[in-house]
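input.txt (compact mmCIF, C-alpha atoms and all ligand atoms) appears below.
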```txt
# COMPACT_ATOMS: atom_id res chain seq x y z
CA MET I 145 -76.10 130.31 37.47
CA GLN I 146 -79.88 130.07 37.51
CA GLU I 147 -81.39 128.19 34.56
CA LEU I 148 -83.95 130.38 32.81
CA GLY I 149 -87.29 129.62 31.22
CA ARG I 150 -87.31 128.42 27.59
CA LEU I 151 -89.42 129.64 24.72
CA GLU I 152 -91.08 126.22 24.56
CA ASP I 153 -92.26 126.67 28.16
CA LEU I 154 -94.63 129.40 26.99
CA PRO I 155 -98.09 128.58 25.56
CA GLN I 156 -98.20 128.80 21.77
CA ASP I 157 -101.07 131.30 21.73
CA TYR I 158 -99.05 133.64 23.99
CA ARG I 159 -95.98 133.31 21.75
CA ASP I 160 -98.13 134.04 18.69
CA ALA I 161 -99.62 137.09 20.42
CA LEU I 162 -96.09 138.40 21.14
CA THR I 163 -94.97 137.82 17.55
CA ALA I 164 -98.01 139.63 16.21
CA GLN I 165 -96.94 142.73 18.17
CA ASN I 166 -93.21 142.44 17.22
CA LEU I 167 -92.36 141.49 20.80
CA VAL I 168 -89.87 138.90 22.06
CA PRO I 169 -89.32 137.58 25.61
CA LEU I 170 -85.75 138.25 26.77
CA TRP I 171 -85.24 135.41 29.24
CA PRO I 172 -85.03 132.49 26.76
CA SER I 173 -82.17 134.33 24.97
CA LEU I 174 -80.49 136.11 27.87
CA ARG I 175 -77.71 133.53 28.40
CA ALA I 176 -76.91 133.52 24.67
CA VAL I 177 -76.39 137.28 24.46
CA LEU I 178 -74.70 137.51 27.88
CA PRO I 179 -72.79 134.25 28.36
CA PRO I 180 -71.13 133.89 31.77
CA GLY I 181 -67.44 134.81 32.08
CA GLU I 182 -66.56 135.40 28.45
CA PRO I 183 -68.11 135.72 25.01
CA ILE I 184 -68.83 132.75 22.76
CA PRO I 185 -67.06 133.86 19.57
CA ARG I 186 -68.27 133.02 16.08
CA THR I 187 -64.74 133.71 14.84
CA GLN I 188 -62.95 130.38 14.41
CA PRO I 189 -59.18 130.04 14.34
CA THR I 190 -58.58 129.91 10.58
CA CYS I 191 -55.44 129.84 8.43
CA TRP I 192 -54.98 130.63 4.73
CA SER I 193 -51.91 129.29 2.94
CA TYR I 194 -50.49 131.85 0.54
CA GLN I 195 -49.28 129.24 -1.92
CA ASP I 196 -52.74 127.64 -2.17
CA LEU I 197 -54.47 131.00 -2.42
CA ARG I 198 -51.93 132.43 -4.89
CA SER I 199 -52.56 129.88 -7.61
CA LEU I 200 -56.35 130.41 -7.34
CA LEU I 201 -55.87 134.18 -7.44
CA LEU I 202 -53.66 133.97 -10.56
CA LYS I 203 -56.36 131.78 -12.11
CA ALA I 204 -58.87 134.57 -11.38
CA GLY I 205 -56.51 136.79 -13.39
CA GLU I 206 -57.15 134.52 -16.39
CA LEU I 207 -60.88 134.05 -15.78
CA THR I 208 -61.98 137.59 -14.93
CA PRO I 209 -60.70 140.74 -16.62
CA ILE I 210 -60.19 143.72 -14.29
CA GLU I 211 -63.06 145.59 -15.97
CA LYS I 212 -65.39 142.82 -14.83
CA ALA I 213 -64.09 142.83 -11.27
CA GLU I 214 -63.14 146.45 -10.46
CA ARG I 215 -61.13 144.88 -7.63
CA ARG I 216 -59.91 141.34 -8.35
CA VAL I 217 -59.96 139.88 -4.86
CA LEU I 218 -60.33 136.52 -3.17
CA VAL I 219 -61.81 137.11 0.27
CA LEU I 220 -60.33 135.26 3.27
CA ALA I 221 -63.64 134.30 4.89
CA ASN I 222 -63.98 132.79 8.35
CA PRO I 223 -66.25 129.72 8.26
CA GLY I 224 -67.46 130.54 11.77
CA HIS I 225 -69.25 133.59 10.40
CA GLY I 226 -70.43 131.84 7.21
CA LEU I 227 -68.31 132.28 4.08
CA GLU I 228 -70.92 134.50 2.41
CA LYS I 229 -70.49 137.11 5.16
CA MET I 230 -66.90 137.76 3.95
CA GLN I 231 -65.64 138.31 7.50
CA ALA I 232 -62.35 137.22 9.02
CA SER I 233 -63.65 138.31 12.44
CA SER I 234 -66.59 140.35 13.73
CA THR I 235 -64.94 143.59 12.54
CA ILE I 236 -62.14 142.56 10.16
CA TYR I 237 -62.36 141.88 6.43
CA LEU I 238 -59.34 140.30 4.68
CA GLY I 239 -58.88 139.93 0.94
CA MET I 240 -55.97 139.07 -1.34
CA GLN I 241 -55.96 141.31 -4.41
CA LEU I 242 -54.27 140.75 -7.78
CA LEU I 243 -53.31 143.46 -10.27
CA LEU I 244 -51.66 142.44 -13.54
CA PRO I 245 -49.20 144.56 -15.52
CA GLY I 246 -50.93 147.45 -17.29
CA GLU I 247 -54.18 147.04 -15.37
CA TRP I 248 -55.97 149.87 -13.61
CA ALA I 249 -58.49 149.59 -10.78
CA PRO I 250 -60.61 152.74 -11.00
CA SER I 251 -60.84 155.54 -8.47
CA HIS I 252 -63.44 155.42 -5.75
CA ARG I 253 -63.90 156.32 -2.12
CA HIS I 254 -65.94 154.69 0.59
CA THR I 255 -66.79 154.83 4.25
CA PRO I 256 -64.93 151.67 5.42
CA ASN I 257 -61.21 152.19 6.15
CA ALA I 258 -58.72 150.04 4.26
CA VAL I 259 -55.03 149.24 4.46
CA ARG I 260 -52.91 147.24 2.03
CA MET I 261 -50.01 145.02 3.10
CA ILE I 262 -47.99 144.36 -0.05
CA VAL I 263 -47.16 140.69 -0.57
CA GLU I 264 -45.53 140.22 -3.94
CA GLY I 265 -44.33 142.01 -7.08
CA GLU I 266 -42.94 145.41 -8.04
CA GLY I 267 -44.16 148.30 -10.17
CA ALA I 268 -47.71 148.76 -8.86
CA TYR I 269 -48.90 151.81 -6.98
CA THR I 270 -52.01 153.09 -5.33
CA THR I 271 -52.91 156.76 -5.52
CA VAL I 272 -54.59 158.01 -2.34
CA ASP I 273 -56.00 161.54 -2.46
CA GLY I 274 -53.43 162.48 -5.11
CA GLU I 275 -50.48 160.88 -3.33
CA LYS I 276 -48.82 158.17 -5.45
CA CYS I 277 -47.84 155.34 -3.09
CA ARG I 278 -45.51 152.78 -4.64
CA MET I 279 -45.94 149.20 -3.54
CA SER I 280 -43.13 146.88 -2.42
CA ARG I 281 -43.15 143.73 -0.32
CA GLY I 282 -44.04 144.51 3.32
CA ASP I 283 -45.10 148.14 2.76
CA LEU I 284 -48.27 149.24 4.54
CA ILE I 285 -50.43 151.76 2.66
CA LEU I 286 -53.48 153.41 4.24
CA THR I 287 -56.68 154.28 2.42
CA PRO I 288 -58.65 155.82 5.28
CA THR I 289 -62.38 156.47 5.22
CA GLY I 290 -63.47 158.95 2.57
CA LEU I 291 -60.17 159.24 0.67
CA TRP I 292 -60.08 158.63 -3.09
CA HIS I 293 -57.99 155.64 -4.15
CA GLU I 294 -57.14 153.78 -7.33
CA HIS I 295 -54.50 151.20 -8.25
CA GLY I 296 -52.21 151.06 -11.28
CA HIS I 297 -49.36 148.81 -12.41
CA GLU I 298 -46.29 149.91 -14.41
CA GLY I 299 -44.28 146.71 -13.84
CA ASP I 300 -44.08 143.43 -15.74
CA ALA I 301 -45.17 140.73 -13.27
CA PRO I 302 -48.31 140.20 -11.16
CA VAL I 303 -48.61 142.27 -7.98
CA ILE I 304 -50.52 140.86 -5.02
CA TRP I 305 -51.44 142.49 -1.73
CA LEU I 306 -53.50 141.80 1.38
CA ASP I 307 -56.40 144.22 1.95
CA VAL I 308 -57.56 144.72 5.54
CA LEU I 309 -60.80 146.65 6.05
CA ASP I 310 -63.21 147.37 8.88
CA LEU I 311 -65.99 146.60 6.40
CA PRO I 312 -67.90 144.07 8.60
CA LEU I 313 -68.34 146.70 11.31
CA VAL I 314 -69.19 149.59 9.00
CA TYR I 315 -71.60 147.38 7.05
CA TYR I 316 -73.24 146.24 10.30
CA MET I 317 -73.66 149.90 11.23
CA GLU I 318 -75.49 150.41 7.90
CA ALA I 319 -72.90 153.07 7.11
CA SER I 320 -71.10 151.33 4.21
CA TYR I 321 -71.25 152.92 0.76
CA VAL I 322 -69.00 153.90 -2.15
CA THR I 323 -68.71 156.90 -4.50
CA GLU I 324 -67.16 156.41 -7.94
CA GLY I 325 -64.76 158.99 -9.34
CA LYS I 326 -62.51 159.95 -12.24
CA ALA I 327 -58.82 159.08 -12.49
CA GLN I 328 -56.94 161.25 -9.98
CA ALA I 329 -54.20 163.71 -10.85
CA VAL I 330 -51.04 162.75 -8.98
CA THR I 331 -50.04 165.70 -6.80
CA SER I 332 -47.38 164.17 -4.55
CA GLU I 333 -45.19 161.13 -3.99
CA GLY I 334 -43.00 159.89 -1.16
CA THR I 335 -44.31 162.39 1.39
CA GLU I 336 -43.82 159.77 4.12
CA ARG I 337 -40.14 160.73 4.02
CA ALA I 338 -41.07 163.84 6.01
CA TYR I 339 -41.76 161.49 8.95
CA GLN I 340 -38.83 159.13 8.46
CA ARG I 341 -37.07 160.08 11.71
CA GLY I 342 -38.97 159.37 14.93
CA GLY I 343 -39.07 162.18 17.47
CA VAL I 344 -39.16 165.05 14.98
CA VAL I 345 -42.07 166.18 12.82
CA PRO I 346 -42.28 168.89 10.16
CA THR I 347 -43.23 172.31 11.53
CA PRO I 348 -43.15 174.67 8.55
CA MET I 349 -43.60 178.25 9.90
CA PHE I 350 -43.94 176.81 13.41
CA SER I 351 -47.20 174.97 12.74
CA ARG I 352 -47.92 171.24 12.85
CA SER I 353 -49.89 169.48 10.13
CA GLU I 354 -53.59 169.29 10.84
CA GLN I 355 -54.19 166.57 8.28
CA ARG I 356 -56.06 163.68 9.86
CA TYR I 357 -53.91 161.22 7.86
CA PRO I 358 -50.49 162.86 7.44
CA MET I 359 -48.72 159.58 6.57
CA LEU I 360 -50.20 157.14 4.06
CA ARG I 361 -47.27 154.83 3.32
CA TYR I 362 -45.11 152.97 5.84
CA PRO I 363 -42.21 151.46 3.86
CA TRP I 364 -41.14 148.02 5.07
CA VAL I 365 -37.44 148.95 4.93
CA ASP I 366 -38.11 151.60 7.61
CA VAL I 367 -40.36 149.42 9.78
CA ARG I 368 -37.90 146.51 9.60
CA ALA I 369 -35.02 148.82 10.53
CA ALA I 370 -37.05 150.19 13.47
CA LEU I 371 -37.64 146.64 14.75
CA GLN I 372 -33.96 145.76 14.46
CA ALA I 373 -32.93 148.99 16.16
CA LEU I 374 -35.39 148.29 18.99
CA ASP I 375 -33.95 144.79 19.43
CA VAL I 376 -30.38 146.15 19.60
CA SER I 377 -31.15 149.09 21.88
CA GLN I 378 -33.49 147.21 24.25
CA PRO I 379 -32.36 143.58 24.27
CA ASP I 380 -34.56 142.82 27.30
CA VAL I 381 -37.77 144.26 25.83
CA GLU I 382 -40.63 141.74 26.20
CA ALA I 383 -41.72 141.97 22.57
CA VAL I 384 -39.89 143.56 19.66
CA GLN I 385 -43.02 145.21 18.35
CA VAL I 386 -43.88 148.57 16.76
CA ALA I 387 -47.29 150.09 16.11
CA TYR I 388 -48.28 151.91 12.93
CA VAL I 389 -49.33 155.32 14.27
CA ASN I 390 -50.21 158.79 13.11
CA PRO I 391 -46.81 160.50 13.49
CA GLU I 392 -48.45 163.83 14.40
CA THR I 393 -50.53 162.51 17.29
CA GLY I 394 -49.03 159.13 18.23
CA ALA I 395 -52.54 157.63 18.06
CA ALA I 396 -53.36 154.49 16.08
CA CYS I 397 -53.06 155.25 12.35
CA GLN I 398 -56.78 154.53 11.79
CA ASN I 399 -59.89 154.89 13.92
CA ILE I 400 -61.20 151.34 14.09
CA LEU I 401 -58.51 148.74 13.38
CA GLY I 402 -54.97 148.78 14.79
CA TYR I 403 -51.82 147.59 13.05
CA SER I 404 -48.40 146.55 14.30
CA ALA I 405 -45.29 144.68 13.21
CA LEU I 406 -43.56 142.15 15.44
CA MET I 407 -40.09 140.67 15.17
CA LEU I 408 -39.53 137.28 16.79
CA ARG I 409 -35.85 136.82 17.52
CA PRO I 410 -34.28 133.48 16.45
CA SER I 411 -36.03 130.66 18.38
CA GLU I 412 -37.97 133.18 20.43
CA VAL I 413 -41.22 132.07 22.10
CA LEU I 414 -43.64 134.85 23.04
CA ASN I 415 -46.69 134.27 25.24
CA LEU I 416 -49.42 136.83 24.62
CA PRO I 417 -52.09 137.17 27.32
CA ALA I 418 -55.75 136.70 26.43
CA ARG I 419 -57.12 140.00 25.11
CA SER I 420 -60.64 140.98 24.13
CA THR I 421 -59.71 141.51 20.46
CA ALA I 422 -59.62 138.98 17.67
CA MET I 423 -56.27 139.09 15.88
CA VAL I 424 -54.88 138.58 12.40
CA PHE I 425 -51.28 137.44 11.87
CA HIS I 426 -49.63 137.73 8.47
CA GLN I 427 -46.10 136.40 7.91
CA ILE I 428 -43.93 139.06 6.26
CA GLU I 429 -40.65 137.16 6.51
CA GLY I 430 -39.49 133.85 8.02
CA SER I 431 -41.73 131.31 9.72
CA ALA I 432 -43.69 131.50 12.97
CA THR I 433 -46.04 129.09 14.71
CA VAL I 434 -49.20 130.56 16.25
CA SER I 435 -50.52 128.29 19.03
CA LEU I 436 -53.83 128.36 20.91
CA ALA I 437 -55.03 125.79 23.44
CA SER I 438 -57.20 124.20 20.75
CA THR I 439 -55.03 124.41 17.64
CA GLU I 440 -51.85 125.69 16.05
CA PHE I 441 -50.84 127.13 12.68
CA THR I 442 -47.37 127.20 11.19
CA LEU I 443 -47.03 130.24 8.97
CA VAL I 444 -44.51 130.63 6.17
CA ASP I 445 -44.06 133.51 3.73
CA ALA I 446 -47.30 135.51 3.25
CA ASP I 447 -49.54 133.02 5.09
CA THR I 448 -52.31 134.66 7.11
CA CYS I 449 -54.33 133.46 10.08
CA CYS I 450 -57.10 134.80 12.25
CA ILE I 451 -57.85 133.92 15.88
CA PRO I 452 -60.73 134.90 18.19
CA GLY I 453 -60.37 137.15 21.22
CA TYR I 454 -60.21 136.08 24.90
CA VAL I 455 -57.68 133.29 24.29
CA PRO I 456 -53.99 133.27 25.20
CA VAL I 457 -51.67 132.91 22.21
CA ARG I 458 -48.15 131.56 21.92
CA LEU I 459 -45.92 132.68 19.06
CA ARG I 460 -42.73 130.82 18.18
CA ASN I 461 -40.04 131.62 15.64
CA ASN I 462 -39.27 128.35 13.86
CA SER I 463 -35.76 129.41 12.88
CA ALA I 464 -32.76 129.21 15.22
CA ASP I 465 -30.74 131.74 13.23
CA GLN I 466 -33.13 134.10 11.39
CA PRO I 467 -35.68 136.57 12.76
CA ALA I 468 -39.35 136.12 11.84
CA PHE I 469 -41.50 139.15 11.05
CA LEU I 470 -45.28 139.28 11.52
CA PHE I 471 -47.83 141.92 10.58
CA ILE I 472 -50.68 142.06 13.14
CA ALA I 473 -54.16 143.55 12.86
CA ASP I 474 -56.80 143.81 15.58
CA ASP I 475 -59.69 146.06 16.59
CA ALA I 476 -58.08 147.41 19.77
CA PRO I 477 -58.52 151.10 18.74
CA LEU I 478 -62.29 150.52 18.40
CA GLN I 479 -62.58 148.51 21.63
CA LYS I 480 -60.57 151.10 23.58
CA LYS I 481 -62.81 153.92 22.34
CA LEU I 482 -65.88 151.91 23.33
CA GLY I 483 -64.44 151.01 26.74
CA VAL I 484 -64.67 147.23 26.25
CA TYR I 485 -60.95 146.47 25.72
CA GLU I 486 -59.54 143.94 28.20
CA VAL I 487 -56.26 142.17 28.83
CA ARG I 488 -56.52 139.09 31.07
CA VAL I 489 -53.34 138.31 32.96
C1 LIG X 1 -61.92 148.15 -1.94
O1 LIG X 1 -62.25 149.41 -2.21
C2 LIG X 1 -60.68 147.66 -2.33
O2 LIG X 1 -59.95 149.72 -3.23
C3 LIG X 1 -60.35 146.36 -2.01
O3 LIG X 1 -58.72 148.00 -3.54
C4 LIG X 1 -61.20 145.55 -1.34
C5 LIG X 1 -63.34 145.19 -0.29
C6 LIG X 1 -64.56 145.63 0.07
C7 LIG X 1 -64.95 146.93 -0.19
C8 LIG X 1 -64.09 147.78 -0.84
C9 LIG X 1 -59.73 148.52 -3.07
C10 LIG X 1 -62.45 146.02 -0.95
C11 LIG X 1 -62.82 147.32 -1.25
```
Could you express the structure from this file as structure tokens?
Amino acid sequence: MQELGRLEDLPQDYRDALTAQNLVPLWPSLRAVLPPGEPIPRTQPTCWSYQDLRSLLLKAGELTPIEKAERRVLVLANPGHGLEKMQASSTIYLGMQLLLPGEWAPSHRHTPNAVRMIVEGEGAYTTVDGEKCRMSRGDLILTPTGLWHEHGHEGDAPVIWLDVLDLPLVYYMEASYVTEGKAQAVTSEGTERAYQRGGVVPTPMFSRSEQRYPMLRYPWVDVRAALQALDVSQPDVEAVQVAYVNPETGAACQNILGYSALMLRPSEVLNLPARSTAMVFHQIEGSATVSLASTEFTLVDADTCCIPGYVPVRLRNNSADQPAFLFIADDAPLQKKLGVYEVRV
């Protein structure tokens, strides 16, 4: 590939004249913005140990009352982007949030989409547009763009969950903002049960729901059972994996980030091809090793890691007799809409 002229090759008075007119020559930067063959990611493979993070988060519970935090969160920040950017990848924000018994995180709504993957504790709930969603280990709860949400806790031990948002993208688009609100009236609970059986959807008076987000809570007991049923019914399937989708349309459950759950059978090794999306892996149960050419992470309960796109990944279940369960997030829905999604085989 042809080497291009550098900025330093240009006379200083010419460079100054360009700057004065808010002009920039393209050629000294062309190879940086269009590197040959594949992107040069800022996202670094990064792993966060739940046990290390947990003690610091509980300490935040002592240091900062909920009224002074609104959301008591430690952000899982990728050093490749700079910690202050609060990004796990170019599009994904990750944070671990703590709510103590009796605490309330007030109602608001915002443009970024969020999901919560519950990590620990019982008795907390999040109310999303009037729907009370109870939180248990492994449940996935959506708070899509524009929907009111607040968190409360009726139990007696700390509750911790992983927040995943498309905040870096929405912030970059200069479209990120919040509206504060009053405590919501609870109008429903457990409506996800209407979608508990795949293949059939409610059709009261012959009409399908037109709600953009008909299902807000995906209980782990159901997702785990779906993975085990898939394993039993299709023992040769390449990957025992299910996607969190809108049950009315079958499309990804949110517009920008995509979510799935993967079961690794005992001792299973799974080779994932290089794809154009960065990925987040969060260990729901068991222990898996995530290997790249350059590095590997061994995940145990509630550990989380992030890897850049365009690299092949190997996943291994470290147990010979127990399955391992991973929660996966990526920005495939966004990339597919934009036409830049790739799988390299
Ligand atoms: C947010 O609204 C929550 O509602 C958590 O629990 C984390 C991070 C950035 C922006 C908004 C929540 C968030 C957030």
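Counting all atoms listed in the file and comparing I:Val434, I:Leu459, I:Ile262, I:Leu197, the residue that lies closest to Leu408 in chain I is I:Leu459.
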>> From the options I:Arg216, I:Gly205, I:Cys397, I:Pro185, which residue's atoms come nearest to Thr421 in chain I, counting all atoms listed in the file?
In response: I:Pro185
>> Between I:Arg458, I:Arg198, I:Arg186, I:Arg409, which residue has the minimum interatomic distance to Gln231 in chain I, considering only C-alpha atoms?
In response: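 Closest to Gln231 in chain I, using only C-alpha atoms: I:Arg186.
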> Taking all atoms listed in the file into account, which residues are within 10 Å of ligand LIG 1 (chain X), as JSON, numbers by chain?
Replying inline: {"I": [214, 215, 216, 217, 218, 219, 230, 237, 238, 239, 240, 241, 242, 243, 249, 250, 251, 252, 253, 254, 255, 256, 257, 258, 259, 260, 270, 272, 287, 292, 293, 294, 295, 305, 306, 307, 308, 309, 310, 311, 312, 315, 320, 321, 322]}
> Taking (-67.8, 146.0, 14.9) in the file's coordinates, which residues come within 12 Å, counting only C-alpha atoms, written as a VMD selection string?
Replying inline: chain I and resid 231 to 237 256 309 to 319 399 to 401 421 to 422 474 to 479 481 to 482 484
> From the set I:Asp375, I:Asp153, I:Glu324, I:Glu266, which residue has the shortest atom-to-atom contact distance to Gly290 in chain I, counting only C-alpha atoms?
Replying inline: I:Glu324
Incomplete range 290-311 of chain I filled out to N, CA and C atoms as a short mmCIF file (atom, residue, chain, number, x, y, z; two decimals), in the frame of the given file:
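The new file part.cif reads:
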```
data_model
loop_
_atom_site.label_atom_id
_atom_site.label_comp_id
_atom_site.auth_asym_id
_atom_site.auth_seq_id
_atom_site.Cartn_x
_atom_site.Cartn_y
_atom_site.Cartn_z
N GLY I 290 -63.18 157.72 3.32
CA GLY I 290 -63.47 158.95 2.57
C GLY I 290 -62.40 159.41 1.60
N LEU I 291 -61.22 158.77 1.58
CA LEU I 291 -60.17 159.24 0.67
C LEU I 291 -60.25 158.48 -0.66
N TRP I 292 -60.09 159.25 -1.77
CA TRP I 292 -60.08 158.63 -3.09
C TRP I 292 -58.90 157.68 -3.22
N HIS I 293 -59.12 156.54 -3.88
CA HIS I 293 -57.99 155.64 -4.15
C HIS I 293 -58.22 154.83 -5.41
N GLU I 294 -57.13 154.58 -6.11
CA GLU I 294 -57.14 153.78 -7.33
C GLU I 294 -55.79 153.08 -7.42
N HIS I 295 -55.75 151.97 -8.16
CA HIS I 295 -54.50 151.20 -8.25
C HIS I 295 -54.06 151.10 -9.71
N GLY I 296 -52.77 151.23 -9.95
CA GLY I 296 -52.21 151.06 -11.28
C GLY I 296 -50.96 150.21 -11.22
N HIS I 297 -50.49 149.75 -12.37
CA HIS I 297 -49.36 148.81 -12.41
C HIS I 297 -48.48 149.12 -13.61
N GLU I 298 -47.23 149.57 -13.34
CA GLU I 298 -46.29 149.91 -14.41
C GLU I 298 -45.21 148.85 -14.55
N GLY I 299 -45.32 147.74 -13.81
CA GLY I 299 -44.28 146.71 -13.84
C GLY I 299 -44.60 145.61 -14.86
N ASP I 300 -43.89 144.48 -14.74
CA ASP I 300 -44.08 143.43 -15.74
C ASP I 300 -44.40 142.05 -15.15
N ALA I 301 -44.77 142.02 -13.88
CA ALA I 301 -45.17 140.73 -13.27
C ALA I 301 -46.34 141.01 -12.32
N PRO I 302 -47.14 139.98 -12.02
CA PRO I 302 -48.31 140.20 -11.16
C PRO I 302 -47.92 140.84 -9.82
N VAL I 303 -48.78 141.71 -9.32
CA VAL I 303 -48.61 142.27 -7.98
C VAL I 303 -49.80 141.82 -7.13
N ILE I 304 -49.49 141.38 -5.93
CA ILE I 304 -50.52 140.86 -5.02
C ILE I 304 -50.37 141.54 -3.66
N TRP I 305 -51.50 141.92 -3.08
CA TRP I 305 -51.44 142.49 -1.73
C TRP I 305 -52.63 142.02 -0.91
N LEU I 306 -52.45 142.14 0.42
CA LEU I 306 -53.50 141.80 1.38
C LEU I 306 -54.25 143.08 1.74
N ASP I 307 -55.56 143.10 1.51
CA ASP I 307 -56.40 144.22 1.95
C ASP I 307 -56.96 143.90 3.33
N VAL I 308 -56.90 144.86 4.23
CA VAL I 308 -57.56 144.72 5.54
C VAL I 308 -58.52 145.90 5.69
N LEU I 309 -59.78 145.60 5.91
CA LEU I 309 -60.80 146.65 6.05
C LEU I 309 -61.64 146.41 7.31
N ASP I 310 -62.25 147.49 7.78
CA ASP I 310 -63.21 147.37 8.88
C ASP I 310 -64.63 147.24 8.32
N LEU I 311 -64.71 146.73 7.10
CA LEU I 311 -65.99 146.60 6.40
C LEU I 311 -67.09 145.88 7.21
#
```
